[in-house]
$ cat my_file-v8.cif   # mmCIF, C-alpha atoms
data_my_file
#
loop_
_atom_site.label_atom_id
_atom_site.label_comp_id
_atom_site.auth_asym_id
_atom_site.auth_seq_id
_atom_site.Cartn_x
_atom_site.Cartn_y
_atom_site.Cartn_z
CA MET A 496 46.97 30.72 92.96
CA ARG A 497 45.40 29.38 89.76
CA LEU A 498 43.47 26.19 90.52
CA ARG A 499 43.35 24.75 86.97
CA ALA A 500 46.36 24.26 84.70
CA SER A 501 44.43 23.71 81.44
CA ARG A 502 42.58 26.41 79.54
CA SER A 503 38.95 26.78 80.51
CA ALA A 504 35.81 28.72 79.69
CA MET A 505 32.76 30.13 81.44
CA VAL A 506 29.29 30.39 79.87
CA ILE A 507 27.48 33.39 81.34
CA VAL A 508 23.78 34.09 80.84
CA ASP A 509 21.98 37.21 81.99
CA GLY A 510 18.62 38.94 81.61
CA THR A 511 14.88 38.72 82.11
CA ASP A 512 13.70 38.89 78.49
CA ILE A 513 10.83 36.44 78.00
CA HIS A 514 11.82 35.99 74.34
CA HIS A 515 15.02 34.09 75.17
CA ASP A 516 15.43 30.84 77.12
CA LEU A 517 18.42 31.62 79.32
CA ILE A 518 18.37 28.27 81.14
CA GLY A 519 18.26 26.39 77.85
CA ALA A 520 21.02 28.57 76.44
CA ALA A 521 23.25 27.96 79.46
CA LEU A 522 22.87 24.19 79.21
CA ALA A 523 23.25 24.05 75.43
CA LEU A 524 26.25 26.37 75.24
CA GLN A 525 28.05 24.63 78.09
CA GLU A 526 27.64 21.35 76.21
CA VAL A 527 28.91 22.91 72.97
CA VAL A 528 32.03 24.38 74.58
CA ILE A 529 32.78 21.17 76.49
CA GLU A 530 32.66 19.42 73.09
CA ALA A 531 35.54 21.73 72.17
CA GLY A 532 37.63 20.12 74.91
CA LEU A 533 37.51 23.04 77.37
CA PRO A 534 36.42 22.57 80.99
CA THR A 535 33.44 24.93 81.14
CA ALA A 536 31.44 26.37 84.02
CA ARG A 537 27.96 27.91 83.88
CA ALA A 538 27.13 31.18 85.58
CA VAL A 539 24.21 33.62 85.84
CA GLY A 540 24.64 37.40 85.88
CA MET A 541 27.13 39.93 84.57
CA ASP A 542 27.84 41.44 87.99
CA ARG A 543 30.99 39.35 88.41
CA PHE A 544 33.90 41.19 86.82
CA VAL A 545 34.64 43.80 89.48
CA ASP A 546 36.84 41.99 92.04
CA PRO A 547 36.00 38.64 90.41
CA MET A 548 35.77 35.35 92.27
CA PRO A 549 38.34 32.68 91.26
CA ALA A 550 36.00 30.84 88.86
CA THR A 551 35.50 34.02 86.86
CA ALA A 552 39.05 35.32 87.20
CA GLU A 553 40.64 32.05 86.06
CA ALA A 554 38.51 31.41 82.97
CA ASP A 555 40.44 31.96 79.76
CA ALA A 556 37.33 32.78 77.73
CA TYR A 557 33.85 34.06 78.52
CA VAL A 558 30.93 32.92 76.34
CA VAL A 559 28.18 35.48 76.97
CA TYR A 560 24.46 35.08 76.24
CA ARG A 561 22.75 38.27 77.46
CA SER A 562 19.12 39.19 76.94
CA SER A 563 18.94 42.46 78.84
CA VAL A 564 19.40 46.19 78.37
CA ALA A 565 20.88 46.49 81.87
CA PHE A 566 24.65 46.11 82.25
CA ASP A 567 26.31 48.07 85.03
CA PRO A 568 28.89 50.49 83.54
CA GLY A 569 31.44 49.56 86.20
CA GLN A 570 31.08 45.88 85.30
CA GLN A 571 31.43 46.78 81.61
CA ARG A 572 34.72 48.53 82.30
CA ALA A 573 35.95 45.65 84.46
CA LEU A 574 35.16 43.11 81.74
CA SER A 575 36.86 45.34 79.17
CA ASP A 576 39.97 45.48 81.36
CA LEU A 577 40.01 41.69 81.82
CA VAL A 578 39.79 41.08 78.08
CA ALA A 579 42.51 43.67 77.46
CA THR A 580 44.86 41.60 79.64
CA GLY A 581 44.43 38.59 77.36
CA LYS A 582 41.06 36.98 78.12
CA GLY A 583 38.83 35.81 75.28
CA LEU A 584 35.23 36.92 74.79
CA VAL A 585 32.59 35.23 72.63
CA VAL A 586 29.43 37.33 72.44
CA LEU A 587 26.25 35.68 71.19
CA HIS A 588 23.01 36.91 69.67
CA ALA A 589 21.31 39.65 71.77
CA SER A 590 24.34 40.16 74.01
CA ASN A 591 25.08 43.42 72.17
CA LEU A 592 21.92 45.20 73.34
CA PHE A 593 23.67 48.48 74.03
CA GLY A 594 22.08 51.91 74.27
CA PHE A 595 18.52 50.82 75.14
CA GLY A 596 18.64 51.34 78.91
CA PRO A 597 18.76 54.44 81.12
CA GLY A 598 21.58 56.71 79.99
CA GLY A 599 21.46 55.44 76.41
CA LEU A 600 24.63 54.52 74.57
CA ASP A 601 26.80 56.74 76.78
CA ALA A 602 26.05 54.44 79.73
CA ASP A 603 27.02 51.40 77.64
CA ARG A 604 30.07 52.95 75.99
CA ALA A 605 32.63 50.54 77.52
CA GLY A 606 30.64 47.47 76.50
CA PHE A 607 29.92 48.80 73.02
CA GLU A 608 33.59 49.61 72.41
CA LEU A 609 34.66 46.21 73.76
CA VAL A 610 32.23 44.12 71.71
CA GLY A 611 32.39 46.38 68.66
CA SER A 612 28.71 46.34 67.70
CA ARG A 613 25.16 46.79 68.86
CA TYR A 614 21.77 45.43 67.83
CA ILE A 615 19.67 47.83 65.75
CA SER A 616 16.61 45.85 64.58
CA HIS A 617 15.31 42.65 62.98
CA GLY A 618 15.18 44.40 59.60
CA ASP A 619 12.26 44.39 57.17
CA ALA A 620 11.77 40.65 56.57
CA GLY A 621 10.04 39.74 59.83
CA SER A 622 11.78 38.62 62.99
CA GLU A 623 12.95 35.12 62.04
CA GLY A 624 13.22 32.51 59.31
CA ARG A 625 15.60 30.18 57.50
CA PHE A 626 18.65 31.68 55.83
CA ALA A 627 22.11 30.78 54.58
CA VAL A 628 25.21 31.57 56.62
CA GLU A 629 27.84 32.50 54.05
CA VAL A 630 31.41 32.09 55.29
CA ARG A 631 34.04 34.64 54.25
CA GLY A 632 37.77 33.96 54.45
CA ARG A 633 39.62 31.20 56.26
CA HIS A 634 40.12 32.60 59.75
CA PRO A 635 40.64 30.01 62.56
CA VAL A 636 37.06 30.68 63.70
CA THR A 637 35.65 29.60 60.31
CA ARG A 638 38.47 27.73 58.55
CA HIS A 639 36.91 24.25 58.88
CA LEU A 640 33.35 25.48 58.35
CA ASP A 641 31.36 25.43 55.09
CA ASP A 642 28.35 27.61 54.33
CA PHE A 643 25.28 26.28 56.12
CA GLU A 644 21.59 27.04 56.58
CA ILE A 645 19.95 27.84 59.90
CA ASP A 646 16.55 28.71 61.37
CA ASP A 647 17.14 31.78 63.52
CA GLU A 648 16.28 35.42 64.17
CA TYR A 649 17.23 38.13 61.72
CA TYR A 650 19.57 40.73 63.21
CA VAL A 651 20.70 44.04 61.81
CA ILE A 652 23.68 45.47 63.68
CA GLU A 653 25.80 48.58 63.77
CA HIS A 654 29.47 47.64 63.99
CA ALA A 655 32.82 49.34 64.44
CA PRO A 656 35.06 49.81 61.38
CA ASP A 657 37.86 47.66 62.81
CA VAL A 658 35.98 44.34 62.87
CA GLN A 659 36.95 41.48 60.56
CA ILE A 660 33.74 40.01 59.16
CA LEU A 661 33.83 36.22 58.83
CA ALA A 662 30.25 35.31 57.87
CA GLU A 663 27.24 37.12 56.42
CA ARG A 664 23.66 36.61 55.26
CA ALA A 665 22.28 38.08 52.08
CA THR A 666 19.53 40.72 52.31
CA PRO A 667 17.86 42.94 49.69
CA ALA A 668 19.80 45.86 51.18
CA GLY A 669 23.12 44.04 50.91
CA PRO A 670 25.08 41.57 53.07
CA GLN A 671 24.47 41.70 56.80
CA PRO A 672 27.31 40.59 59.16
CA LEU A 673 26.68 37.47 61.23
CA VAL A 674 30.14 36.74 62.62
CA TYR A 675 33.16 38.95 63.16
CA VAL A 676 36.33 39.09 65.24
CA ARG A 677 38.39 41.92 66.63
CA GLU A 678 41.34 42.45 68.97
CA HIS A 679 40.94 44.28 72.28
CA GLY A 680 44.28 45.00 73.90
CA LEU A 681 45.85 41.56 74.35
CA GLY A 682 42.47 39.85 74.18
CA ARG A 683 40.31 38.44 71.43
CA VAL A 684 36.62 39.13 70.80
CA CYS A 685 34.21 37.23 68.54
CA TYR A 686 30.59 38.25 68.00
CA ILE A 687 28.06 35.75 66.59
CA ALA A 688 24.61 37.11 65.80
CA LEU A 689 23.11 33.62 65.73
CA GLY A 690 21.63 31.62 68.60
CA HIS A 691 18.02 32.63 69.34
CA ASP A 692 16.72 29.24 70.51
CA GLY A 693 17.06 25.47 70.35
CA ARG A 694 16.71 25.37 66.58
CA ALA A 695 20.01 27.24 66.35
CA TRP A 696 21.70 25.58 69.33
CA GLY A 697 21.21 22.15 67.75
CA ASN A 698 22.43 23.22 64.31
CA PRO A 699 25.78 21.48 63.56
CA GLY A 700 27.18 24.55 61.79
CA PHE A 701 26.29 26.80 64.71
CA ARG A 702 27.82 24.39 67.21
CA GLN A 703 31.06 24.12 65.24
CA LEU A 704 31.19 27.90 64.93
CA VAL A 705 30.84 28.42 68.70
CA ARG A 706 33.43 25.71 69.42
CA GLN A 707 35.99 27.25 67.08
CA ALA A 708 35.26 30.79 68.28
CA THR A 709 35.78 29.80 71.91
CA LEU A 710 38.98 27.89 71.19
CA TRP A 711 40.34 30.83 69.20
CA ALA A 712 39.33 33.34 71.89
CA ALA A 713 41.00 31.20 74.56
CA ARG A 714 44.20 31.11 72.46
CA VAL A 715 44.18 27.38 71.91
CA PRO A 716 46.81 26.51 69.26
CA GLU A 717 45.36 26.38 65.77
CA ASP A 718 46.24 22.72 65.21
CA ASP A 719 44.17 21.84 68.27
CA ILE A 720 41.27 23.92 66.98
CA ALA A 721 41.27 21.79 63.84
CA SER A 722 41.33 18.47 65.67
CA TRP A 723 38.59 19.33 68.17
CA SER A 724 36.27 21.31 65.91
CA THR A 725 36.07 18.77 63.08
CA ARG A 726 35.76 15.49 64.94
CA TRP A 727 32.01 15.56 65.63
CA PRO A 728 30.03 13.52 63.03
CA LEU A 729 26.89 14.77 61.27
CA GLY A 730 25.52 11.30 60.50
CA ASN A 731 25.16 9.41 57.21
CA GLY A 732 28.91 9.11 56.93
CA ARG A 733 29.46 12.86 56.82
CA THR A 734 31.84 14.86 58.98
CA ILE A 735 32.10 18.57 59.70
CA GLY A 736 34.32 20.60 57.38
CA GLY A 737 35.78 19.80 53.98
CA ASN A 738 33.31 17.71 52.00
CA SER A 739 30.44 17.61 54.50
#

$ encode --input "my_file-v8.cif" --output "structure tokens"
Amino acid sequence: MRLRASRSAMVIVDGTDIHHDLIGAALALQEVVIEAGLPTARAVGMDRFVDPMPATAEADAYVVYRSSVAFDPGQQRALSDLVATGKGLVVLHASNLFGFGPGGLDADRAGFELVGSRYISHGDAGSEGRFAVEVRGRHPVTRHLDDFEIDDEYYVIEHAPDVQILAERATPAGPQPLVYVREHGLGRVCYIALGHDGRAWGNPGFRQLVRQATLWAARVPEDDIASWSTRWPLGNGRTIGGNS
């Protein structure tokens, strides 16, 4: 029996990497998704998709912030199966660390094929800095979002050919994807390369992006995405979207 009638989300953090603040990420991302109007739980650990407990099974979208090379293959397959039935998945920053653990990419095949990308490197410009997020197209995840600047880590990723790229950053070697979406069975997947630390989590553009991605992944009607994602003020009389 489903305990909650409304759509809901779960923020899941996992890992032991000293370079990422998992506790801070869990608190910040829960706040961001609650701003989107979705009841949102916090959870630790990816070992929850095989025979899931009700809180995991009933969530309509998972917002994942991993900082680990360890992800049990059985749990990868179970998450893939859940998304294929219609769940939403929003994958943030280092959550696509596939192929770096024992067994290499073969051990992470289910996760890699579900998410549709994997981290390769920081590139040649150092590990972090300020850059412009350039929005492409008017998908529901980005429709009410203008280009914005952010202080964050640089990521270079390898991605599957079927992804729809929604935002990029310019590099000397050409544009590098920052945000994309893809379908997985009946489910929806959005990857966002942004989100290293509090500088990103507090950025209004990043917060709007995560809100809209989660609402889209959870199959919230598009009119509701517009009303929730654009109502948070930026100060000085400005509002998100349009002429911000």

$ atom_distance --input "my_file-v8.cif" --atom1 "CA of Phe593 (chain A)" --atom2 "CA of Val527 (chain A)"
26.1 Å

$ residues_near_point --input "my_file-v8.cif" --point "(24.4, 42.7, 53.9)" --cutoff "12 Å" --atoms "only C-alpha atoms" --output "PyMOL selection string"
chain A and resi 618+628-629+649-653+660+662-673

$ resolve_selection --input "my_file-v8.cif" --expression "the PyMOL selection byres ((chain A and resi 508-522) around 9)" --output "PyMOL selection string"
chain A and resi 506-507+523-527+537-541+558-565+590+690-693+696

$ atom_distance --input "my_file-v8.cif" --atom1 "CA of Leu681 (chain A)" --atom2 "CA of Gln659 (chain A)"
16.4 Å

$ residues_around --input "my_file-v8.cif" --residues "Arg714 (chain A)" --least-positions-apart "3" --cutoff "12 Å" --atoms "all atoms listed in the file" --output "PyMOL selection string"
chain A and resi 501-504+533+554-556+581-584+635-636+681-684+707-711+717-720

$ closest_residue --input "my_file-v8.cif" --among "A:Leu609, A:Ile645, A:Ala712, A:Arg631" --to "Leu661 (chain A)" --atoms "only C-alpha atoms"
A:Arg631

$ atom_distance --input "my_file-v8.cif" --atom1 "CA of His639 (chain A)" --atom2 "CA of His588 (chain A)"
21.7 Å

$ decode --input "my_file-v8.cif" --residues "region 548-560 of chain A" --atoms "all heavy atoms" --output "PDB file, in the first residue's frame"
ATOM      1  N   MET A 548      12.930  -0.809   0.775  1.00  0.00           N
ATOM      2  CA  MET A 548      11.996  -0.434   1.833  1.00  0.00           C
ATOM      3  C   MET A 548      10.974   0.558   1.260  1.00  0.00           C
ATOM      4  O   MET A 548      11.215   1.192   0.227  1.00  0.00           O
ATOM      5  CB  MET A 548      12.749   0.197   2.996  1.00  0.00           C
ATOM      6  CG  MET A 548      13.749  -0.743   3.659  1.00  0.00           C
ATOM      7  SD  MET A 548      12.943  -2.098   4.541  1.00  0.00           S
ATOM      8  CE  MET A 548      12.306  -1.220   5.969  1.00  0.00           C
ATOM      9  N   PRO A 549       9.814   0.736   1.932  1.00  0.00           N
ATOM     10  CA  PRO A 549       8.757   1.593   1.382  1.00  0.00           C
ATOM     11  C   PRO A 549       9.211   3.009   1.026  1.00  0.00           C
ATOM     12  O   PRO A 549       8.809   3.552  -0.001  1.00  0.00           O
ATOM     13  CB  PRO A 549       7.695   1.604   2.479  1.00  0.00           C
ATOM     14  CG  PRO A 549       7.848   0.266   3.143  1.00  0.00           C
ATOM     15  CD  PRO A 549       9.325   0.003   3.132  1.00  0.00           C
ATOM     16  N   ALA A 550      10.053   3.628   1.854  1.00  0.00           N
ATOM     17  CA  ALA A 550      10.461   5.010   1.565  1.00  0.00           C
ATOM     18  C   ALA A 550      11.182   5.115   0.230  1.00  0.00           C
ATOM     19  O   ALA A 550      11.011   6.090  -0.513  1.00  0.00           O
ATOM     20  CB  ALA A 550      11.355   5.531   2.688  1.00  0.00           C
ATOM     21  N   THR A 551      11.985   4.097  -0.076  1.00  0.00           N
ATOM     22  CA  THR A 551      12.687   4.085  -1.366  1.00  0.00           C
ATOM     23  C   THR A 551      11.749   3.680  -2.489  1.00  0.00           C
ATOM     24  O   THR A 551      11.725   4.303  -3.556  1.00  0.00           O
ATOM     25  CB  THR A 551      13.880   3.112  -1.313  1.00  0.00           C
ATOM     26  OG1 THR A 551      14.784   3.535  -0.289  1.00  0.00           O
ATOM     27  CG2 THR A 551      14.608   3.064  -2.646  1.00  0.00           C
ATOM     28  N   ALA A 552      10.957   2.646  -2.257  1.00  0.00           N
ATOM     29  CA  ALA A 552      10.083   2.120  -3.302  1.00  0.00           C
ATOM     30  C   ALA A 552       9.031   3.132  -3.730  1.00  0.00           C
ATOM     31  O   ALA A 552       8.629   3.158  -4.899  1.00  0.00           O
ATOM     32  CB  ALA A 552       9.412   0.839  -2.817  1.00  0.00           C
ATOM     33  N   GLU A 553       8.576   3.983  -2.810  1.00  0.00           N
ATOM     34  CA  GLU A 553       7.471   4.886  -3.112  1.00  0.00           C
ATOM     35  C   GLU A 553       7.918   6.235  -3.679  1.00  0.00           C
ATOM     36  O   GLU A 553       7.091   6.996  -4.176  1.00  0.00           O
ATOM     37  CB  GLU A 553       6.621   5.101  -1.864  1.00  0.00           C
ATOM     38  CG  GLU A 553       5.905   3.830  -1.415  1.00  0.00           C
ATOM     39  CD  GLU A 553       5.038   4.054  -0.194  1.00  0.00           C
ATOM     40  OE1 GLU A 553       4.906   5.229   0.232  1.00  0.00           O
ATOM     41  OE2 GLU A 553       4.499   3.062   0.333  1.00  0.00           O
ATOM     42  N   ALA A 554       9.188   6.553  -3.603  1.00  0.00           N
ATOM     43  CA  ALA A 554       9.655   7.824  -4.160  1.00  0.00           C
ATOM     44  C   ALA A 554       9.463   7.819  -5.672  1.00  0.00           C
ATOM     45  O   ALA A 554       9.720   6.825  -6.351  1.00  0.00           O
ATOM     46  CB  ALA A 554      11.124   8.043  -3.813  1.00  0.00           C
ATOM     47  N   ASP A 555       9.029   8.950  -6.200  1.00  0.00           N
ATOM     48  CA  ASP A 555       8.827   9.059  -7.643  1.00  0.00           C
ATOM     49  C   ASP A 555      10.106   9.459  -8.374  1.00  0.00           C
ATOM     50  O   ASP A 555      10.230   9.223  -9.574  1.00  0.00           O
ATOM     51  CB  ASP A 555       7.727  10.085  -7.943  1.00  0.00           C
ATOM     52  CG  ASP A 555       6.381   9.634  -7.406  1.00  0.00           C
ATOM     53  OD1 ASP A 555       5.800   8.697  -7.985  1.00  0.00           O
ATOM     54  OD2 ASP A 555       5.934  10.200  -6.392  1.00  0.00           O
ATOM     55  N   ALA A 556      11.036  10.078  -7.644  1.00  0.00           N
ATOM     56  CA  ALA A 556      12.304  10.471  -8.253  1.00  0.00           C
ATOM     57  C   ALA A 556      13.411  10.351  -7.224  1.00  0.00           C
ATOM     58  O   ALA A 556      13.227  10.679  -6.046  1.00  0.00           O
ATOM     59  CB  ALA A 556      12.230  11.903  -8.787  1.00  0.00           C
ATOM     60  N   TYR A 557      14.568   9.885  -7.689  1.00  0.00           N
ATOM     61  CA  TYR A 557      15.760   9.801  -6.857  1.00  0.00           C
ATOM     62  C   TYR A 557      16.738  10.881  -7.316  1.00  0.00           C
ATOM     63  O   TYR A 557      17.049  10.983  -8.515  1.00  0.00           O
ATOM     64  CB  TYR A 557      16.423   8.432  -6.977  1.00  0.00           C
ATOM     65  CG  TYR A 557      15.494   7.273  -6.709  1.00  0.00           C
ATOM     66  CD1 TYR A 557      15.197   6.344  -7.710  1.00  0.00           C
ATOM     67  CD2 TYR A 557      14.905   7.100  -5.463  1.00  0.00           C
ATOM     68  CE1 TYR A 557      14.342   5.278  -7.475  1.00  0.00           C
ATOM     69  CE2 TYR A 557      14.042   6.044  -5.220  1.00  0.00           C
ATOM     70  CZ  TYR A 557      13.767   5.129  -6.226  1.00  0.00           C
ATOM     71  OH  TYR A 557      12.917   4.079  -6.000  1.00  0.00           O
ATOM     72  N   VAL A 558      17.231  11.681  -6.371  1.00  0.00           N
ATOM     73  CA  VAL A 558      18.249  12.695  -6.643  1.00  0.00           C
ATOM     74  C   VAL A 558      19.535  12.180  -6.001  1.00  0.00           C
ATOM     75  O   VAL A 558      19.639  12.114  -4.773  1.00  0.00           O
ATOM     76  CB  VAL A 558      17.850  14.061  -6.066  1.00  0.00           C
ATOM     77  CG1 VAL A 558      18.933  15.105  -6.350  1.00  0.00           C
ATOM     78  CG2 VAL A 558      16.505  14.506  -6.637  1.00  0.00           C
ATOM     79  N   VAL A 559      20.503  11.787  -6.820  1.00  0.00           N
ATOM     80  CA  VAL A 559      21.662  11.035  -6.339  1.00  0.00           C
ATOM     81  C   VAL A 559      22.905  11.906  -6.371  1.00  0.00           C
ATOM     82  O   VAL A 559      23.237  12.516  -7.393  1.00  0.00           O
ATOM     83  CB  VAL A 559      21.875   9.767  -7.190  1.00  0.00           C
ATOM     84  CG1 VAL A 559      23.155   9.046  -6.774  1.00  0.00           C
ATOM     85  CG2 VAL A 559      20.667   8.843  -7.061  1.00  0.00           C
ATOM     86  N   TYR A 560      23.610  11.930  -5.224  1.00  0.00           N
ATOM     87  CA  TYR A 560      24.892  12.625  -5.094  1.00  0.00           C
ATOM     88  C   TYR A 560      25.902  11.622  -4.553  1.00  0.00           C
ATOM     89  O   TYR A 560      26.058  11.445  -3.354  1.00  0.00           O
ATOM     90  CB  TYR A 560      24.753  13.821  -4.157  1.00  0.00           C
ATOM     91  CG  TYR A 560      25.937  14.772  -4.179  1.00  0.00           C
ATOM     92  CD1 TYR A 560      25.944  15.878  -5.018  1.00  0.00           C
ATOM     93  CD2 TYR A 560      27.025  14.571  -3.340  1.00  0.00           C
ATOM     94  CE1 TYR A 560      27.016  16.757  -5.035  1.00  0.00           C
ATOM     95  CE2 TYR A 560      28.095  15.443  -3.348  1.00  0.00           C
ATOM     96  CZ  TYR A 560      28.094  16.537  -4.196  1.00  0.00           C
ATOM     97  OH  TYR A 560      29.153  17.406  -4.207  1.00  0.00           O
TER      98      TYR A 560
END
